[in-house]
Amino acid sequence: MAIITLTSDWGLKDHYIGAVKGAILKKMPDANIIDITHNIASFEIEQAAFVVRNSYKYYPKGTVHVIAVNTEESEVHPHTVIENEGQYFIGTDNGIFSMIFDEKPDKIFELTIPQDSDYYTFSTRDRFVKAAIHLASGKKVEELGSPKEKLLEKILLHPVIDNNLLKGHVIHIDNYQNLITNIKKPLFDEVSKERKFSIFFRTYEIKKISDSYLDVPVGEILALFGSNGHLEIAINQGNASGLLGMITKDAIRIEFY
Amino acid sequence: MAIITLTSDWGLKDHYIGAVKGAILKKMPDANIIDITHNIASFEIEQAAFVVRNSYKYYPKGTVHVIAVNTEESEVHPHTVIENEGQYFIGTDNGIFSMIFDEKPDKIFELTIPQDSDYYTFSTRDRFVKAAIHLASGKKVEELGSPKEKLLEKILLHPVIDNNLLKGHVIHIDNYQNLITNIKKPLFDEVSKERKFSIFFRTYEIKKISDSYLDVPVGEILALFGSNGHLEIAINQGNASGLLGMITKDAIRIEFY
Amino acid sequence: MAIITLTSDWGLKDHYIGAVKGAILKKMPDANIIDITHNIASFEIEQAAFVVRNSYKYYPKGTVHVIAVNTEESEVHPHTVIENEGQYFIGTDNGIFSMIFDEKPDKIFELTIPQDSDYYTFSTRDRFVKAAIHLASGKKVEELGSPKEKLLEKILLHPVIDNNLLKGHVIHIDNYQNLITNIKKPLFDEVSKERKFSIFFRTYEIKKISDSYLDVPVGEILALFGSNGHLEIAINQGNASGLLGMITKDAIRIEFY
């Protein structure tokens, strides 16, 4: 059974979800439509990229991911379909794809199939669904458009290494208000060389990386590598973002000694 | 695979969704249950009608739409099942159906099948699911109740035409805070006769209808016909409702000259 | 088609839902994944137990319910799988299971299968999914762990009976702000012996139990046995919790005479 996932900033109260699911099911009544999220903040492609990036690798080959955030097409932001490691991604190349993949994906095409209506404001319903059905039916991605050399690069700030210092920042605040940073475990290990360290943020200092939230008493601050490999500042059963007064883009600094 | 959609004002945090999905799956384990929305504001049948109206036509024939808003039955508001263009709609005839369909639907029946419990407050779980399974199994709608001549009419305010003037109002504010009005493209074209025009709302005036949100710079006001054919006031990547101070039922006026 | 339900406190905006659904579909592409809710308040196992308790009995035999609230494992809170009346429940035995089942469930096992990653903060993705696939494939629950005699008991306050008096409290406030109490119909009938009664809460008194919200005019207070058998205080089309100033754990008292 073909799997088509949806990631959008539509919210849950309008007709957008209902219309797109209908358009899929009309052409493929047994499609397994999977809601990844429809609660991306309006137009926030960084947030959408973070969610897709941390979800897609768990899906089987052949899965089609429709990404419906900032979909309006323009000359600089063409509708695009990507094949990578046997999965497909349909959306608008507004920079989001460069934030989803670490390396250039296997195949990139600019969509050239016509859309199904005269309206230009609901590309997902009128064009992406058509491409998704094509791929979910096992047809070739090559038939959907013309090959494209590269994706629009949206520069994400990477952590900065300065000998004994590793500087990063918060890139995502999750539902528990955990602060997820852009420092990942392999980089930490590389700089650390098993030395001692202190993690600084605002007026706080942590000297240890925990394995689990339960490693500290309820209400205490901890640092750990979260389930997607990112260094995370959290409070056991508490709201780190609110209680520490930290938000996205706030700095975190690790000193090794 | 049978498709059953759900539209409700249950919200997402209670057991109502879980119980209804279970009741469906117990009788039809491979049903494709599609959430259209569960975030209709409590008891707001206009909002529910708007969402169903703009979703259902995209679904394949045979789809069963369960509409669970203000479902309590009374003599004036009977439980009702409708067949229209090969699709089915189950709900309470509290006026909502007259707002979903432009014309009298193909078949209307008052539900007479007994319900499954002694409780009268969860008709969806205890009665509508039974009707939905019946229809999704390919059985006849005629077996569910007795034919009914007409639906309860809930009068929606239609746009008013006054020679060179077209007056409408905002009927829906979507997740992006776009202001969706009750003026649709065919009516606009009919009154316009390709004349010039000005669209007035609050203290604003727009002299052009855009094709896409991107036709104006970020942060600027525009008017366009949205993907469901309704005239819409929006701000490119901004929140029109909040920034213009406009809400549902606020007036919009178009002068042709 | 195998049914796997998800109940969590992940919220809707992160990658947690997407990752878990992917992990399920990678191993079982035609699984029917059912969202019960992802909007349990963070760490609130009472609320999660209430939702699962009032949903699960509607599902067919063979259904696997994954309960992802407070999943972190410890010696006192082991990962656990339960079989009851032909359905399966996977989660952490932090007291939640004792609030879901009235009596000791048919079979209890402590999970001993290894998890799929080195991270200890996302047990649902890395361990529960594996157990769920095992069960959804029709394999034996006995192969997942070692038998366990009993569940961690979390004491819920039960109603107190004092001859002519029945004292309970609010245990859940639903999306309509109805106040759902821990007094159920069989207990009420047993104490009542068909006598007259007054229901007291705050400064209010009700002398009647309604069959339906419509039994009183719009805006008036009523009491009824809700669709899950619990005594409920509501306002017809109004928000009882906000308007009466009552919240979870607030007392309700019934005098019979």
# chains A, B, ... in the order shown; residues from 1 in each chain; ligands from 1

call {"tool": "residues_around", "arguments": {"residues": "range 94-110 of chain C", "least_positions_apart": "4", "cutoff": "10 Å", "atoms": "only C-alpha atoms", "output": "PyMOL selection string"}}
result
chain C and resi 44-54+56+67+69-74+76-90+141-156

call {"tool": "residues_around", "arguments": {"residues": "range 30-33 of chain A", "least_positions_apart": "2", "cutoff": "7 Å", "atoms": "only C-alpha atoms", "output": "number ranges by chain"}}
result
A: 1-5, 25, 28, 35; B: 1

call {"tool": "closest_residue", "arguments": {"among": "B:Ser117, B:Ser137, B:Ser227, B:Asn239", "to": "Asn175 in chain B", "atoms": "only C-alpha atoms"}}
result
B:Asn239

call {"tool": "interface_residues", "arguments": {"of": "chain A", "to": "chain C", "cutoff": "7 Å", "atoms": "only C-alpha atoms", "output": "PDB file with N, CA and C atoms, in the first residue's frame"}}
result
ATOM      1  N   MET A   1       0.849  -1.196   0.000  1.00  0.00           N
ATOM      2  CA  MET A   1       0.000   0.000   0.000  1.00  0.00           C
ATOM      3  C   MET A   1       0.882   1.241   0.000  1.00  0.00           C
ATOM      4  N   ILE A  36       2.217  13.961   9.123  1.00  0.00           N
ATOM      5  CA  ILE A  36       3.417  14.169   9.949  1.00  0.00           C
ATOM      6  C   ILE A  36       3.141  15.346  10.870  1.00  0.00           C
ATOM      7  N   THR A  37       2.834  16.490  10.323  1.00  0.00           N
ATOM      8  CA  THR A  37       2.310  17.592  11.132  1.00  0.00           C
ATOM      9  C   THR A  37       1.637  18.586  10.204  1.00  0.00           C
ATOM     10  N   ASN A  39       1.020  21.573  11.914  1.00  0.00           N
ATOM     11  CA  ASN A  39       1.159  22.669  12.865  1.00  0.00           C
ATOM     12  C   ASN A  39       2.497  23.390  12.790  1.00  0.00           C
ATOM     13  N   ILE A  40       3.126  23.345  11.618  1.00  0.00           N
ATOM     14  CA  ILE A  40       4.283  24.205  11.394  1.00  0.00           C
ATOM     15  C   ILE A  40       3.777  25.651  11.490  1.00  0.00           C
ATOM     16  N   VAL A  51      11.465  19.144  11.135  1.00  0.00           N
ATOM     17  CA  VAL A  51      10.548  18.020  11.359  1.00  0.00           C
ATOM     18  C   VAL A  51      10.726  16.942  10.284  1.00  0.00           C
ATOM     19  N   ASN A  54      14.022  14.997  10.619  1.00  0.00           N
ATOM     20  CA  ASN A  54      14.074  14.052  11.732  1.00  0.00           C
ATOM     21  C   ASN A  54      12.991  12.978  11.671  1.00  0.00           C
ATOM     22  N   SER A  55      12.218  12.976  10.597  1.00  0.00           N
ATOM     23  CA  SER A  55      11.177  11.956  10.439  1.00  0.00           C
ATOM     24  C   SER A  55      11.457  11.033   9.262  1.00  0.00           C
ATOM     25  N   TYR A  58      12.978   7.299   8.821  1.00  0.00           N
ATOM     26  CA  TYR A  58      12.335   6.120   9.403  1.00  0.00           C
ATOM     27  C   TYR A  58      11.347   5.461   8.453  1.00  0.00           C
ATOM     28  N   TYR A  59      11.067   6.117   7.327  1.00  0.00           N
ATOM     29  CA  TYR A  59      10.047   5.589   6.403  1.00  0.00           C
ATOM     30  C   TYR A  59      10.646   4.606   5.406  1.00  0.00           C
ATOM     31  N   PRO A  60       9.793   3.703   4.897  1.00  0.00           N
ATOM     32  CA  PRO A  60      10.291   2.720   3.925  1.00  0.00           C
ATOM     33  C   PRO A  60      10.552   3.350   2.557  1.00  0.00           C
ATOM     34  N   ASP A 174      10.845  22.005  21.639  1.00  0.00           N
ATOM     35  CA  ASP A 174       9.801  21.014  21.389  1.00  0.00           C
ATOM     36  C   ASP A 174       8.612  21.209  22.325  1.00  0.00           C
ATOM     37  N   ASN A 175       7.655  20.330  22.228  1.00  0.00           N
ATOM     38  CA  ASN A 175       6.403  20.439  22.967  1.00  0.00           C
ATOM     39  C   ASN A 175       6.592  20.423  24.483  1.00  0.00           C
ATOM     40  N   TYR A 176       7.697  19.818  24.944  1.00  0.00           N
ATOM     41  CA  TYR A 176       7.994  19.781  26.376  1.00  0.00           C
ATOM     42  C   TYR A 176       8.805  21.004  26.790  1.00  0.00           C
ATOM     43  N   ASP A 211      22.235  10.518  30.431  1.00  0.00           N
ATOM     44  CA  ASP A 211      21.711   9.542  29.476  1.00  0.00           C
ATOM     45  C   ASP A 211      20.199   9.656  29.350  1.00  0.00           C
ATOM     46  N   SER A 212      19.581  10.175  30.400  1.00  0.00           N
ATOM     47  CA  SER A 212      18.124  10.149  30.440  1.00  0.00           C
ATOM     48  C   SER A 212      17.646  11.315  31.298  1.00  0.00           C
ATOM     49  N   GLY A 226      19.677  14.151  22.635  1.00  0.00           N
ATOM     50  CA  GLY A 226      18.312  13.692  22.407  1.00  0.00           C
ATOM     51  C   GLY A 226      18.272  12.579  21.379  1.00  0.00           C
ATOM     52  N   SER A 227      17.080  12.071  21.152  1.00  0.00           N
ATOM     53  CA  SER A 227      16.913  10.878  20.331  1.00  0.00           C
ATOM     54  C   SER A 227      17.239  11.119  18.861  1.00  0.00           C
TER      55      SER A 227
END

call {"tool": "closest_residue", "arguments": {"among": "A:Ala240, A:Met246, A:Ala136, A:Ala131", "to": "Ala223 in chain A", "atoms": "only C-alpha atoms"}}
result
A:Ala240

call {"tool": "atom_distance", "arguments": {"atom1": "CA of Lys249 in chain B", "atom2": "CA of Ile161 in chain B"}}
result
17.2 Å

call {"tool": "select_by_dssp", "arguments": {"residues": "range 151-188 of chain C", "states": "strand (DSSP E or B)", "output": "list in words"}}
result
Val160, Ile161, Asp162, Leu165, Leu166, Lys167, Gly168, His169, Val170, Ile171, His172, Ile173, Leu179, Ile180, Thr181, Asn182, Ile183 and Lys184 of chain C

call {"tool": "residues_around", "arguments": {"residues": "Ala251 in chain B", "least_positions_apart": "5", "cutoff": "10 Å", "atoms": "only C-alpha atoms", "output": "list of chain:residue names"}}
result
B:Lys167, B:Gly168, B:His169, B:Val170, B:Ile171, B:Thr181, B:Phe200, B:Phe201, B:Arg202, B:Met246

call {"tool": "atom_distance", "arguments": {"atom1": "CA of Ser241 in chain B", "atom2": "CA of Pro186 in chain B"}}
result
24.9 Å

call {"tool": "closest_residue", "arguments": {"among": "A:Lys184, A:Glu232, A:Leu166, A:Gly238", "to": "Gly219 in chain A", "atoms": "only C-alpha atoms"}}
result
A:Gly238
